[in-house]
Amino acid sequence: MAPSEIPSEYLTTSASLPEGNTSANGTEANSSNVDKSNGQTQTKEANGANGANGTKAAAMVAEVAEVARNEKLSGAEMKKRAKAEKAARRAQEKQAPPPAALVVKTIDGGDEAAKKGSTTAGPTTPGVKTQHKRTGSTNTTHQRPMVSRPAQSQAAPPAAQPKKESKRVALFGHLYGQPRRTTIAGAGKDVHPAVLALGLQMSNYVICGSSARCVATLLVFKRVSTSFQFMLRLAHDSQVIESYITPPQNSLPRHLASHLSPQIDYLVSCRPLSVSMGNAIRWLKVEISDVDPDTPEQSAKHDLCDAIDNFIRERITVANQVIALSAAEKVQDGDVILTFAKSSIVQQTLVEAHRRRTKFRVIVIDSRPLFEGKHLARALADLGLEVQYSLIHAIGHAVKDATKVFLGAHAMMSNGRLYSRVGTAIVAMMAKEADLPVIVCCESVKFTDKVALDSIVTNEVAPPDELTIAGENTTSLSKWGDTPNLQLLNLMYDVTPPEYINMVVTEYGSLPPSSVPVVHRLSTNS
């Protein structure tokens with residue numbers, strides 16, 4: 001058979017024959033020389049890779065090639081012989097002893113898995129790469145053994161922290177919002193310094209009461225006040241609206257209304273707005289929107305300041321005077337007037353009755369935590385009135401001596417219910433039980449179109465720490481936050497049903513609670 005007819009795989013392997021097995025043909029000699037040089041290199045690689053088994057396989061292949069040269073075989077016979085050689089080579093590889101198992105120590109110190117993995121992986125030829133069945137990674141038997149590491153001490157998992165008990169009363173959970181602001185930290189840069197001071201004074205009850213808060217809010221929107229001694233006794237430095245300058249490309253009605261929004265948001269974060277404050281702010285925004293854009297800026301600001309002064313004078317100051325004059329007529333000689341907490345309009349009524357030289361005495365019922373009644377009792381006593389001061393737990397004995405009950409109001413709802421300081425409903429119910437007339441003094445600016453059926457849906461929750469006695473750590477409530485199953489609820493207002501109210505005195509006259517929505521429409525449209 002000519003060399004060109006022999007398959008190339010046999011020619012390549014036949015290069016590993018000894019140098020003496022050369023062909024007499026010149027062409028065969030040349031190819032034998034080339035194959036000899038290449039065969040030496042390949043033989044070295046095969047020896048390094050296969051060892052003794054590789055040498056036997058090479059000899060067998062050489063013998064087949066020699067036979068192929070001397071005998072002329074067909075293609076089918078050569079293919080059959082090649083399969084037989086391949087089977088013989090595999091049989092020799094299986095009979096070869098397996099390499100030493102590589103022992104790999106795990107973190108836990110066990111090596112059985114590594115031994116099993118090395119023996120079950122099947123025999124491997126030294127120096128030949130084997131592929132992992134799952135991951136496809138290749139490994140060689142000449143691997144560097146892994147260095148055994150000492151077992152790592154596993155740290156114990158941290159103990160589960162006990163769930164902190166919620167100190168919020170579930171029934172009033174919807175009333176809890178952001179904690180009341182007590183500092184100016186985090187306030188927006190657009191908030192006026194006068195508003196910053198006002199918010200803190202409201203939060204700390206320096207300015208307390210619906211009317212006082214409403215007046216202070218309107219005045220602070222107009223000017224910076226250096227002191228809030230009482231209602232309108234204010235020292236004015238500069239005016240917020242008058243110091244306002246409309247930015248370029250803007251109109252005063254549109255930009256001034258948006259400029260007041262961050263001021264209002266800050267006040268709400270200090271303490272929720274009262275009904276009268278909400279009515280006053282809505283009125284002010286309407287006044288700003290009604291300003292003609294063609295009006296000069298100075299003239300427009302001057303008109304707004306005058307409108308604020310007129311609103312305070314007509315809706316609050318004059319209204320209080322009219323109500324005080326009307327309610328004072330209902331105080332007769334020998335009356336014992338019972339009142340709860342402190343209402344500025346009730347105080348004016350009693351002062352007006354005393355100015356008329358009416359002989360009567362006053363019973364002031366008070367409650368924690370604000371103790372507002374102390375200020376009323378002290379003010380009336382300084383005028384020469386006979387005053388009896390008692391806490392709300394003695395209301396049962398106080399109503400036995402009283403002849404009339406005068407109450408203030410935080411707001412009057414559209415369904416005729418009274419929304420006032422918490423404890424007012426108890427006083428009104430006890431008075432009704434004792435067949436005493438209950439008279440409510442309220443300005444129309446405190447009327448609202450909202451409806452309240454109870455004091456649960458709408459209310460204000462004050463910080464519960466106010467119920468504890470400040471400066472005393474020996475009381476049972478001093479560490480109420482650490483006491484399990486103890487929750488403090490500090491509600492600010494309650495709702496009194498209209499059947500416990502005999503009369504509501506307003507600047508429009510005396511009327512029953514059912515007429516509140518009619519008066520509210522009249523005051524709003526006017």
# chains A, B, ... in the order shown; residues from 1 in each chain; ligands from 1
>>> select_by_dssp(residues="range 411-503 of chain A", states="helix (DSSP H, G or I)", output="list in words")
Thr424, Ala425, Ile426, Val427, Ala428, Met429, Met430, Ala431, Lys432, Glu433, Ser444, Val445, Lys446, Pro464, Asp465, Glu466, Leu467, Trp480, Gly481, Asp482, Pro498, Glu499 and Tyr500 of chain A
>>> closest_atom_pairs(of="range 333-407 of chain A", to="range 441-444 of chain A", cutoff="7 Å", atoms="only C-alpha atoms", output="JSON lines")
{"residue": "A:Ile345", "atom": "CA", "partner": "A:Cys441", "partner_atom": "CA", "distance": 6.8}
{"residue": "A:Val346", "atom": "CA", "partner": "A:Cys441", "partner_atom": "CA", "distance": 6.8}
{"residue": "A:Leu407", "atom": "CA", "partner": "A:Cys441", "partner_atom": "CA", "distance": 6.4}
>>> closest_residue(among="A:Val336, A:Leu453, A:Ala381, A:Leu325", to="Ala398 in chain A", atoms="only C-alpha atoms")
A:Val336
>>> atom_distance(atom1="CA of Leu267 in chain A", atom2="CA of Lys374 in chain A")
26.9 Å
>>> closest_residue(among="A:Ala411, A:His397, A:Ile264, A:Gln347", to="Leu380 in chain A", atoms="only C-alpha atoms")
A:Gln347
>>> atom_distance(atom1="CA of Leu491 in chain A", atom2="CA of Val387 in chain A")
27.5 Å
>>> residues_around(residues="Pro464 in chain A", least_positions_apart="2", cutoff="7 Å", atoms="only C-alpha atoms", output="MDAnalysis selection string")
chainID A and resid 462 466:467 488:490
>>> write_last_selection(atoms="N, CA, C and O atoms", output="PDB file, in the first residue's frame")
ATOM      1  N   ALA A 462     -52.992  64.722  73.045  1.00  0.00           N
ATOM      2  CA  ALA A 462     -51.833  65.434  73.562  1.00  0.00           C
ATOM      3  C   ALA A 462     -50.796  64.435  74.069  1.00  0.00           C
ATOM      4  O   ALA A 462     -51.106  63.253  74.290  1.00  0.00           O
ATOM      5  N   GLU A 466     -47.892  64.518  79.803  1.00  0.00           N
ATOM      6  CA  GLU A 466     -48.485  65.663  80.490  1.00  0.00           C
ATOM      7  C   GLU A 466     -49.360  65.231  81.663  1.00  0.00           C
ATOM      8  O   GLU A 466     -49.632  66.031  82.563  1.00  0.00           O
ATOM      9  N   LEU A 467     -49.793  63.978  81.662  1.00  0.00           N
ATOM     10  CA  LEU A 467     -50.638  63.491  82.756  1.00  0.00           C
ATOM     11  C   LEU A 467     -49.841  63.159  84.007  1.00  0.00           C
ATOM     12  O   LEU A 467     -50.414  63.032  85.094  1.00  0.00           O
ATOM     13  N   LEU A 488     -51.414  55.455  78.601  1.00  0.00           N
ATOM     14  CA  LEU A 488     -51.998  56.730  79.026  1.00  0.00           C
ATOM     15  C   LEU A 488     -52.641  57.407  77.819  1.00  0.00           C
ATOM     16  O   LEU A 488     -52.042  57.462  76.741  1.00  0.00           O
ATOM     17  N   LEU A 489     -53.836  57.910  78.008  1.00  0.00           N
ATOM     18  CA  LEU A 489     -54.571  58.604  76.953  1.00  0.00           C
ATOM     19  C   LEU A 489     -54.870  60.013  77.423  1.00  0.00           C
ATOM     20  O   LEU A 489     -55.528  60.212  78.445  1.00  0.00           O
ATOM     21  N   ASN A 490     -54.387  60.988  76.658  1.00  0.00           N
ATOM     22  CA  ASN A 490     -54.545  62.395  77.018  1.00  0.00           C
ATOM     23  C   ASN A 490     -55.319  63.089  75.904  1.00  0.00           C
ATOM     24  O   ASN A 490     -54.739  63.699  75.008  1.00  0.00           O
TER      25      ASN A 490
END
